[in-house]
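S.K.: Sharing a structure below in structure tokens format, with a few things to ask.
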Amino acid sequence: MGSVVHAGTVLAPASRVGIHCIAVPDGAGGALITADIETARTAIAQADFFGHSFGLERLDQEQLHLEASARLRAEVAAWTDLAL
């Protein structure tokens with residue numbers, strides 16, 4: 001694994017995310033950069049990825065997964081194979 005910058009994370013100019021580190025929203029408009037996966041998971045849960053990315057309300061995890069997957073499948077089904 002290299003490094004991961006989670007969707008919705010705002011990195012300060014010249015920020016660096018190290019090898020095996022994850023950058024996630026810190027809840028105050030900045031970023032938490034950590035190699036501690038549990039700390040990152042806690043921050044990601046508070047960042048409301050599904051609400052931010054898909055406009056979904058905080059449902060249980062299974063419902064969030066099903067709804068997000070359905071929306072992604074619908075988006076892909078609407079794609080055409082035309083060159084941009």
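As shown in the structure tokens, the chain order sets the letters A, B, ...; within each chain, residues go from 1, and ligands are also counted from 1 in the order they appear.
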Hey, what does DSSP flag as strand (DSSP E or B) within region 29-61 of chain A? Can you give it to me as a VMD selection string?
M.R.: chain A and resid 31 to 34
S.K.: Give me the residues within 12 Å of Glu67 (chain A) as a PyMOL selection string, counting only C-alpha atoms and dropping any in the same chain fewer than 3 places off.
M.R.: chain A and resi 50-51+53-64+70-74
S.K.: Take the residues from that selection and put them in a file with C-alpha atoms, as an mmCIF file, in the first residue's frame.
M.R.:
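Below is the file that was written, result_16.cif:
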data_model
loop_
_atom_site.group_PDB
_atom_site.id
_atom_site.type_symbol
_atom_site.label_atom_id
_atom_site.label_comp_id
_atom_site.auth_asym_id
_atom_site.auth_seq_id
_atom_site.Cartn_x
_atom_site.Cartn_y
_atom_site.Cartn_z
ATOM 1 C CA PHE A 50 -21.964 8.501 1.933
ATOM 2 C CA GLY A 51 -23.850 11.686 2.742
ATOM 3 C CA SER A 53 -20.590 11.717 -1.910
ATOM 4 C CA PHE A 54 -24.049 10.327 -2.620
ATOM 5 C CA GLY A 55 -26.416 12.640 -0.733
ATOM 6 C CA LEU A 56 -27.551 9.733 1.442
ATOM 7 C CA GLU A 57 -28.803 10.075 4.972
ATOM 8 C CA ARG A 58 -27.148 8.135 7.769
ATOM 9 C CA LEU A 59 -28.750 4.741 7.323
ATOM 10 C CA ASP A 60 -27.336 1.526 8.681
ATOM 11 C CA GLN A 61 -24.206 0.275 6.879
ATOM 12 C CA GLU A 62 -26.025 -2.379 4.854
ATOM 13 C CA GLN A 63 -28.588 0.118 3.527
ATOM 14 C CA LEU A 64 -25.860 2.660 2.737
ATOM 15 C CA ALA A 70 -27.349 0.917 -6.894
ATOM 16 C CA ARG A 71 -26.505 4.527 -7.740
ATOM 17 C CA LEU A 72 -23.066 3.577 -9.036
ATOM 18 C CA ARG A 73 -24.511 0.764 -11.178
ATOM 19 C CA ALA A 74 -27.093 3.161 -12.633
#
S.K.: Give me the residues near Arg16 (chain A) as a PyMOL selection string, where near means some atom within 12 Å (using only C-alpha atoms) and where sequence neighbours in that chain fewer than 2 positions away do not count.
M.R.: chain A and resi 3-5+10-14+18-23+31-34
S.K.: Given only C-alpha atoms as the basis, pick out the residue of A:Gly8, A:Gly29, A:His65, A:Val76 nearest to Ile44 (chain A).
M.R.: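 Closest to Ile44 (chain A), using only C-alpha atoms: A:Gly8.
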S.K.: As an exercise, work out the distance from CA of Ser15 (chain A) to CA of Asp36 (chain A) in Å and give it to one decimal place.
M.R.: 18.1 Å
